[in-house]
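Engineer: To start, I am sharing the structure in question, which I have written as structure tokens.
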Amino acid sequence: MVAKFWLKAVMLLSGLFLISGVQANYPTVPSETFEALGIESDVTPKQLYDALVKRYKDPEQGAGPGSMAEYWEPIPYSQYLDPATFYKPPTSVTDEVDRKECVECHTDESPVWVQAWERSSHANLDKIRNLKPNDPTFYKKGKLENVEKNLRSLGKLGEKENLKEVGCIDCHVDINAKGAAQHNKDLIMPTADVCGACHLQEFAERESERDTMIWPNGQWPDGRPSHALDYAANVETTVWAAMPQREVAEGCSMCHTNQNKCDSCHTRHEFSAAESRKPEACATCHSGVDHNNWEAYSMSKHGKMVAMLGNEWNWDVELKDAYEKGGQSAPTCAGCHMEYEGEYTHNMVRKVRWANYPFVPGIAENINSDWSEERLDSWVVTCTQCHSESFARSYLDLMDKGTLAGLAKYQEAHDVVEALYEEGLLAGQKTNRPAPPEPEKPGFMIFTQLFWSQGNNPASMELKVLEMGENDLAKMHVGLAHVNPGGWTYTEGWGPMNRAYVEVEDENFRIREMLALQERVNKLEGKRTSLLDLDTTAEKISLGGLGGGMLLAGTLALVGWRKRSKSEG
Amino acid sequence: MVAKFWLKAVMLLSGLFLISGVQANYPTVPSETFEALGIESDVTPKQLYDALVKRYKDPEQGAGPGSMAEYWEPIPYSQYLDPATFYKPPTSVTDEVDRKECVECHTDESPVWVQAWERSSHANLDKIRNLKPNDPTFYKKGKLENVEKNLRSLGKLGEKENLKEVGCIDCHVDINAKGAAQHNKDLIMPTADVCGACHLQEFAERESERDTMIWPNGQWPDGRPSHALDYAANVETTVWAAMPQREVAEGCSMCHTNQNKCDSCHTRHEFSAAESRKPEACATCHSGVDHNNWEAYSMSKHGKMVAMLGNEWNWDVELKDAYEKGGQSAPTCAGCHMEYEGEYTHNMVRKVRWANYPFVPGIAENINSDWSEERLDSWVVTCTQCHSESFARSYLDLMDKGTLAGLAKYQEAHDVVEALYEEGLLAGQKTNRPAPPEPEKPGFMIFTQLFWSQGNNPASMELKVLEMGENDLAKMHVGLAHVNPGGWTYTEGWGPMNRAYVEVEDENFRIREMLALQERVNKLEGKRTSLLDLDTTAEKISLGGLGGGMLLAGTLALVGWRKRSKSEG
Amino acid sequence: MVAKFWLKAVMLLSGLFLISGVQANYPTVPSETFEALGIESDVTPKQLYDALVKRYKDPEQGAGPGSMAEYWEPIPYSQYLDPATFYKPPTSVTDEVDRKECVECHTDESPVWVQAWERSSHANLDKIRNLKPNDPTFYKKGKLENVEKNLRSLGKLGEKENLKEVGCIDCHVDINAKGAAQHNKDLIMPTADVCGACHLQEFAERESERDTMIWPNGQWPDGRPSHALDYAANVETTVWAAMPQREVAEGCSMCHTNQNKCDSCHTRHEFSAAESRKPEACATCHSGVDHNNWEAYSMSKHGKMVAMLGNEWNWDVELKDAYEKGGQSAPTCAGCHMEYEGEYTHNMVRKVRWANYPFVPGIAENINSDWSEERLDSWVVTCTQCHSESFARSYLDLMDKGTLAGLAKYQEAHDVVEALYEEGLLAGQKTNRPAPPEPEKPGFMIFTQLFWSQGNNPASMELKVLEMGENDLAKMHVGLAHVNPGGWTYTEGWGPMNRAYVEVEDENFRIREMLALQERVNKLEGKRTSLLDLDTTAEKISLGGLGGGMLLAGTLALVGWRKRSKSEG
């Protein structure tokens, strides 16, 4: 723990430091990224862009269908989720079309997206150029100048040329395209690097998540969890690759696609920055049974204040000015998660400590490490925009300890079921436990069982405890992290975990009651036939190495880690 | 599948066709309705109205308390749900009152509804008449002219007379009433035909749902599901009629009352069209565990964009102009479901293919038929307002195949429980399975068991699989249909179905494990007493015809269908 | 039942009565409060304030950590939940600071709260003084005059002095402080009495909840449930005091803190009255699995109308003018719950009849008493602002009877599980039922089991029925009370209760099937060993007094009542 005074001093010093020259060109891009890319921080835009794109497109570093590609087939819709790998232009339109014809034809074909584009900054660059300093969106003028600087560095814009517009052809064929393109050949669906050619700063910030999300003891693979590697996290998950129901699996990809493209937050084709600053922009992905960030936040006082008062705020001001100039009086997702030590960037993982999943091995053990305490101190900077330091620290302490209380309850229930498994006593364990599909391997309480089941694999209580960790405990932490008391106390979190524990104990009693009776009948029959055989089988399974230490081996985090370590190793 | 080009050509042709004279009077009313009513499409408003009202009020065609009326009694509140059948004016007010006195007295008695009415178009007809063409609500002027044309045709308005206002007395006694009415005798609660006297086009469009929602192989009764016959669907459902808890049953009616009246979407007494265009207008009914349309939509990117941006749109423009003139950039419920081949009408079921319930027999089998493909093509027209055709088709393909994947998982779990039932092994099946109340008949996995239970009827796993089909699979499809990944992948849909399957398999194991032990004890006792007897009973039940083919016999759809086929047959 | 005419007459008479002098000084404070405090209704502000504060701070009347304080320790965050008991100023700032310095320093330290304050009425008293009568917030001018009158009576403001501002120091040290304060000694977190020095009327209204929420037959302790005693309700609940997981327990306190402070509804530091009038202001606390008021309301047509239309209303007008002058056409939480007989006050419990929990003994039995009928009549006054009396009464009748139907279903399931408990047959009941932590006592289906479990205490079905009453039945009533059909019919309420009943009956069958088999094996073994012993134990437990009449002894309500009756007795 560092007192807030020192934090502020450090921030001031690092500000001076910046002015003195280091990283002056890209002050919002962390030094870790330049180190990782092996370039200096004063490189040209082209040099930075090229280095970023090289890594971005490298299959060894997370691009594309990943190491389990042989196990699954894309469906037609997959081309919109990983366009770099799968997109093919429609063959029905064979024309060669120019900048103007794109717009004309699509005004008929898909009018609403043209209308949205017409409202965008992309279609109104001159309006941006003419902004006056007192306009809340004046900062966009500077952004545009940077965009043109980047394009000049990339050789995409003449030294004295101004960008006239960003139309269909610029993103879907080539930026600042002068001529015509073959619709059935040249058409692309823009990936993040396409956006990054203009928006280099944001692209670099975002890609820096790979470099700053490095866990001290390998709790998660390097660079994860993050937006920058979320598609890799998806395709490197065994059950995702193994499921024959591709339409269900690609449901996961629909969110796990920020690595590939930017339109989850910046919806096409208006690309309204104001929209992407609103909490609802994050809600469609950060919600649901295993990461209910939206539910927790939107039902918190923070979220409700935004709902009540937000219409009176100016969402057009830059994020950093939201409180002071925008009139904002309660935090949004972006307001807290894009902030780091007073700066707002597209790297959203620099304060990650719990990563939503307290049961992932190593996370809880690490929570009081220096690494974690530094990140806690960064949170204090965030919270003290609105709260006192003692308030902030006492609440963050409540959050950590509450999460640990939930983890302990989870562990109790887990141990009961694991003992049953080790004794071979789970329902159908000895008789009807088919192996999961390739490339998954059989195991106890593996992530795969959340989405795959056959016969008695998994057993009901095995799935119950898996969900207790993956869902209830995650929700408990998320409720705590977003100051939503019902979210950790009774509606989500502790209450449901208490219930799950009770069911597990009930089942434990029933199973052992049945076993005792079976043994009495065995004795009456004067033999220990089938049961004996089965016990032997159970021993074999147990000896096969599926003990307690393996408990979490199959979770999303570690599955991903293993595959990644292979593919990157 | 028809390529979009051809669809557009067909639309154009049908447009020309309309101009050439056919259906010229009521271009938005489908020809099927004129055929069903046995009238030409160029009849007078009075002729159309009379034909519609005759059918609307016909008990043989769905009006009133239905074929199970002998089994249930209305409660006091029922008079507001089916006013035509049950409403009685209060006896406390015996005055004779005129147009002005209604308003005066209710300004004291129920001031807020008077204030709402004062803001309505009904109270401001002259304002409508004076609208200028550049006003976004200018279209209302045309509507008013049509209303007056209808009233003249009905003889309710003089040839040169203008409607002065629509006040209390016009809807609650008689349109354009000149004199006074007896409050305790003449007062009515307006039914859809009362609204339809003025709003004939909308009434006819809405009633046309009876004629266009005709399933090729009788999956659902003719004209259903629809708003036009939703009260019939209610009162013809066995459990609705059978339940002694009338306050619970009438909870269903509170939504199933669009057949009877219009104020579920057009809330009294402001009747704001802008309000009824918003997604929240549909939410109160289209939500919940068995038809979570609102939840799926509002958590989708579509819904969240409306939430984020909607305040900047002009909701006063006519629905057809919402995108272009209203500035709308994401779809609402009305925007997609009221649209058909480019037209917006009150018939919302012309593109229905899955009807929310994929397990209803015949639906899935029909999903690639010409009938269904044509409707899919109509969806492509809808989606390509904002998306490319290949995007739209690939997504709709994902939706269909994902739904089928869910159906297959449901069927697996179903078959396990059905086998238990056929063997008489469900908990308490042989000893404590009371018959449901009249007019319901005993059965396996019948819709009634969602709302009625006694002793061991239903068994827990029987109810589990019933809910799996009625709720989880429905939510899975709805999530897919509304582009809400968590809605079919993990939070709703596949994840919960996976869990349900696991519980069913667990129970299957336990039941058979117990049976095996019981048989060993039987053997030790040297007899097969009670169990043998029970097996015989089970056989009898099974012979009684409750096998697999009957599985869904009790579901809402088919229960309804049977009763309807009787009453209409 | 009293006809509405008479209600209105009574209201008129009581209005005249007020004008004639009685309670003229504090017309919105119920006479019960003056009686309870032993003062006349024409006392000075100081006299009223002193009497209120004396009671407010009295540990014998609900202040502070309560009668179980020896069992629990505060956590650091507790100081913000019960500041009067636990708050200590930070030791890090040792300066002596004046009015101006507070603001200056915190503009750096916690800028957003200073910005919020700058927008508040507190920081703009002159603006309030200069309001013109046609301003919708003109009423605030009168409020300010009252505030100054109160402060003069308290000797905190000179006779001719005007209050200049309400800044940090006024609430966090002393109102109208002229000098400096020691930051590490004098700093306080404002409790309700601090707000009440200025806002005496609101404080007195709020404190009057203690005096008007008196149940005719002791269903709940005097003055509860209410905001005024919600912290006492918390700390007097056994499981709250007993839980070692203090971070979970204090999650409950985060809402149960209205007794201690006012900022749950009036969020610091803007204290926008408009905000606190919106339904979302109540949502963070009145939501969740055991009191889902927000979910029920926000999904009702009432709630959805506010969501759709609210942006066009003027939320700045005083609550009593919301409909007429604010343009409001659908009810908010405050609109119905703060209203009583046409007046709007901070006493929100004068129409409470069911108190959310229909299973609390005495509530249902009382529902047709004169006491309850009078409160129903008051609801009719509320509802007839927008609805007819016959509509209102028929709906309220539906609400009552529907709730009773749910209660009956609950009772059926309860009795099945209670019989198992009395026979000692619940899972693990005889072998693995550890006692709950002190100060809780062992019991059947006690409230504690919702948050505490160990071994087989509670059994799964015991918890199921406990949740059925505490959650499902509560939600069923709340759904009925907030006109949300899915909230009592299928999604919440009846549907889930039907499911719970089915699971209970299934378990009952399984337990007795197992018992029967065990007895057959006993017989085969020629002995009745362990089971006999256990039966004896069960008898002992049963004789210990944990029979049916005690069923609800452990619920929140009654636990509270017992402790309260001790501490106040």
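Chain identifiers are assigned as A, B, and so on, following the order in which chains appear in the structure tokens; residues are numbered from 1 within each chain, and ligands are numbered from 1 in order of appearance.
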Give one line per residue of chain C that approaches chain A to at most 7 Å, naming the two atoms of the closest pair and their distance in Å to one decimal, counting only C-alpha atoms; sort by chain then ascending residue number and deliver it as a Markdown table.
Structural biologist:
```
| residue | atom | partner | partner_atom | distance |
| --- | --- | --- | --- | --- |
| C:Pro76 | CA | A:Ser394 | CA | 5.4 |
| C:Tyr77 | CA | A:Ser394 | CA | 5.0 |
| C:Pro90 | CA | A:Ser390 | CA | 7.0 |
| C:Glu109 | CA | A:Thr384 | CA | 6.9 |
| C:Ser110 | CA | A:Gln385 | CA | 4.6 |
| C:Pro111 | CA | A:Gln385 | CA | 5.7 |
| C:Val112 | CA | A:Cys386 | CA | 4.9 |
| C:Trp113 | CA | A:Cys386 | CA | 5.3 |
| C:Ala116 | CA | A:Ser329 | CA | 6.3 |
| C:Gln245 | CA | A:Ala405 | CA | 6.3 |
| C:Glu247 | CA | A:Gly402 | CA | 4.9 |
| C:Val248 | CA | A:Thr489 | CA | 5.5 |
| C:Gly251 | CA | A:Pro485 | CA | 4.8 |
| C:Cys252 | CA | A:Pro485 | CA | 6.7 |
| C:Met254 | CA | A:Pro485 | CA | 6.6 |
| C:Glu275 | CA | A:Met308 | CA | 6.4 |
| C:Glu280 | CA | A:Lys304 | CA | 5.9 |
| C:Thr284 | CA | A:Met299 | CA | 5.6 |
| C:Gly288 | CA | A:Thr491 | CA | 5.4 |
| C:Val289 | CA | A:Thr491 | CA | 5.0 |
| C:Ala427 | CA | A:Asp506 | CA | 5.9 |
| C:Gly428 | CA | A:Phe509 | CA | 6.1 |
| C:Leu450 | CA | A:Gly495 | CA | 6.6 |
| C:Phe451 | CA | A:Gly495 | CA | 5.9 |
| C:Trp452 | CA | A:Asn498 | CA | 6.7 |
| C:Ser453 | CA | A:Asn498 | CA | 6.5 |
| C:Gly455 | CA | A:Glu505 | CA | 6.1 |
| C:Asn456 | CA | A:Glu505 | CA | 5.9 |
| C:Pro458 | CA | A:Val502 | CA | 6.7 |
| C:Ala459 | CA | A:Asp506 | CA | 6.3 |
| C:Ser460 | CA | A:Glu503 | CA | 5.4 |
| C:Gln518 | CA | A:Leu517 | CA | 7.0 |
```
Engineer: Which residues are close to Gln429 (chain B), i.e. within 8 Å by only C-alpha atoms, leaving aside same-chain residues fewer than 3 positions away? Reply as a PyMOL selection string.
Structural biologist: chain B and resi 421+424-426+432-433+456-457+459
Engineer: Store the residues picked out above, limited to all heavy atoms, as a JSON list (two decimals), in the first residue's frame.
Structural biologist:
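Result saved to selection-v2.json:
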```json
[["chain", "number", "residue", "atom", "x", "y", "z"],
["B", 421, "TYR", "N", -41.05, -43.12, -17.50],
["B", 421, "TYR", "CA", -42.52, -43.06, -17.37],
["B", 421, "TYR", "C", -43.17, -44.33, -17.91],
["B", 421, "TYR", "O", -44.07, -44.90, -17.29],
["B", 421, "TYR", "CB", -43.05, -41.83, -18.11],
["B", 421, "TYR", "CG", -44.55, -41.75, -18.11],
["B", 421, "TYR", "CD1", -45.25, -41.36, -16.97],
["B", 421, "TYR", "CD2", -45.27, -42.08, -19.24],
["B", 421, "TYR", "CE1", -46.63, -41.30, -16.97],
["B", 421, "TYR", "CE2", -46.66, -42.01, -19.26],
["B", 421, "TYR", "CZ", -47.33, -41.62, -18.11],
["B", 421, "TYR", "OH", -48.70, -41.57, -18.11],
["B", 424, "GLY", "N", -42.99, -46.97, -15.65],
["B", 424, "GLY", "CA", -43.66, -46.71, -14.37],
["B", 424, "GLY", "C", -42.71, -46.36, -13.24],
["B", 424, "GLY", "O", -43.02, -46.57, -12.07],
["B", 425, "LEU", "N", -41.57, -45.82, -13.56],
["B", 425, "LEU", "CA", -40.52, -45.64, -12.56],
["B", 425, "LEU", "C", -40.37, -44.22, -12.03],
["B", 425, "LEU", "O", -39.53, -43.97, -11.17],
["B", 425, "LEU", "CB", -39.17, -46.10, -13.15],
["B", 425, "LEU", "CG", -39.04, -47.59, -13.46],
["B", 425, "LEU", "CD1", -37.69, -47.88, -14.12],
["B", 425, "LEU", "CD2", -39.17, -48.41, -12.17],
["B", 426, "LEU", "N", -41.13, -43.30, -12.54],
["B", 426, "LEU", "CA", -41.01, -41.93, -12.01],
["B", 426, "LEU", "C", -41.41, -41.91, -10.54],
["B", 426, "LEU", "O", -42.23, -42.72, -10.11],
["B", 426, "LEU", "CB", -41.88, -40.97, -12.81],
["B", 426, "LEU", "CG", -41.44, -40.70, -14.25],
["B", 426, "LEU", "CD1", -42.43, -39.76, -14.93],
["B", 426, "LEU", "CD2", -40.03, -40.10, -14.28],
["B", 432, "ASN", "N", -48.88, -42.40, -6.11],
["B", 432, "ASN", "CA", -49.35, -41.09, -5.65],
["B", 432, "ASN", "C", -49.38, -40.09, -6.81],
["B", 432, "ASN", "O", -48.71, -39.08, -6.80],
["B", 432, "ASN", "CB", -48.41, -40.59, -4.53],
["B", 432, "ASN", "CG", -48.91, -39.31, -3.90],
["B", 432, "ASN", "OD1", -50.10, -38.99, -3.98],
["B", 432, "ASN", "ND2", -48.00, -38.57, -3.28],
["B", 433, "ARG", "N", -50.14, -40.44, -7.82],
["B", 433, "ARG", "CA", -50.22, -39.58, -9.01],
["B", 433, "ARG", "C", -51.68, -39.22, -9.26],
["B", 433, "ARG", "O", -52.35, -39.80, -10.12],
["B", 433, "ARG", "CB", -49.63, -40.31, -10.21],
["B", 433, "ARG", "CG", -49.39, -39.40, -11.41],
["B", 433, "ARG", "CD", -48.64, -40.14, -12.53],
["B", 433, "ARG", "NE", -48.67, -39.38, -13.77],
["B", 433, "ARG", "CZ", -47.69, -38.57, -14.19],
["B", 433, "ARG", "NH1", -46.60, -38.42, -13.49],
["B", 433, "ARG", "NH2", -47.81, -37.92, -15.33],
["B", 456, "ASN", "N", -47.38, -36.74, -6.35],
["B", 456, "ASN", "CA", -46.24, -36.88, -7.25],
["B", 456, "ASN", "C", -46.62, -36.67, -8.72],
["B", 456, "ASN", "O", -45.97, -37.20, -9.61],
["B", 456, "ASN", "CB", -45.58, -38.24, -7.06],
["B", 456, "ASN", "CG", -44.87, -38.33, -5.72],
["B", 456, "ASN", "OD1", -45.24, -39.11, -4.84],
["B", 456, "ASN", "ND2", -43.87, -37.51, -5.54],
["B", 457, "ASN", "N", -47.64, -35.93, -8.96],
["B", 457, "ASN", "CA", -47.98, -35.56, -10.33],
["B", 457, "ASN", "C", -47.75, -34.06, -10.49],
["B", 457, "ASN", "O", -48.46, -33.27, -9.89],
["B", 457, "ASN", "CB", -49.45, -35.89, -10.63],
["B", 457, "ASN", "CG", -49.77, -35.74, -12.10],
["B", 457, "ASN", "OD1", -48.89, -35.43, -12.91],
["B", 457, "ASN", "ND2", -51.04, -35.95, -12.45],
["B", 459, "ALA", "N", -43.82, -35.76, -11.71],
["B", 459, "ALA", "CA", -42.53, -36.05, -11.09],
["B", 459, "ALA", "C", -41.58, -34.91, -11.41],
["B", 459, "ALA", "O", -41.76, -34.19, -12.40],
["B", 459, "ALA", "CB", -42.00, -37.37, -11.60]]
```
Engineer: Give me, as a list in words, all polymer residues having an atom no more than 7 Å from His199 (chain C), counting only C-alpha atoms and skipping those fewer than 4 positions away in the same chain.
Structural biologist: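 Final neighbour list, sorted by chain and number: Val147, Cys195 and Phe203 of chain C.
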Engineer: Separation of CA of Glu165 (chain C) and CA of Lys143 (chain C), in Å?
Structural biologist: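 So the answer is 14.3 Å.
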Engineer: Have a look at CA of Asp186 (chain B) and CA of His122 (chain B) and let me know their distance in Å, one decimal.
Structural biologist: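 That distance, rounded to one decimal, is 21.0 Å.
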Engineer: Considering only helix (DSSP H, G or I) as DSSP defines it on the backbone, what residues of region 140-320 of chain B qualify? List them as an NGL selection string.
Structural biologist: :B and (140-153 or 168-172 or 192-198 or 200-207 or 209-212 or 230-235 or 238-242 or 246-253 or 273-277 or 280-283 or 293-298 or 301-312 or 319-320)
Engineer: If you run DSSP on the backbone, which residues of region 332-413 of chain C are strand (DSSP E or B), as an NGL selection string?
Structural biologist: :C and (339-340 or 343-344)
Engineer: May I ask for the distance between CA of Lys100 (chain B) and CA of Ser264 (chain B), given in Å to one decimal place?
Structural biologist: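 Interatomic distance, CA of Lys100 (chain B) to CA of Ser264 (chain B): 27.0 Å.
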Engineer: Name the residues in contact with Asp82 (chain B) at a cut-off of 9 Å, using only C-alpha atoms, excluding same-chain residues fewer than 6 positions from it; report them as a list in words.
Structural biologist: Gly64, Pro65, Thr191, Tyr231, Ser253, Thr257, Asn260 and Lys261 of chain B
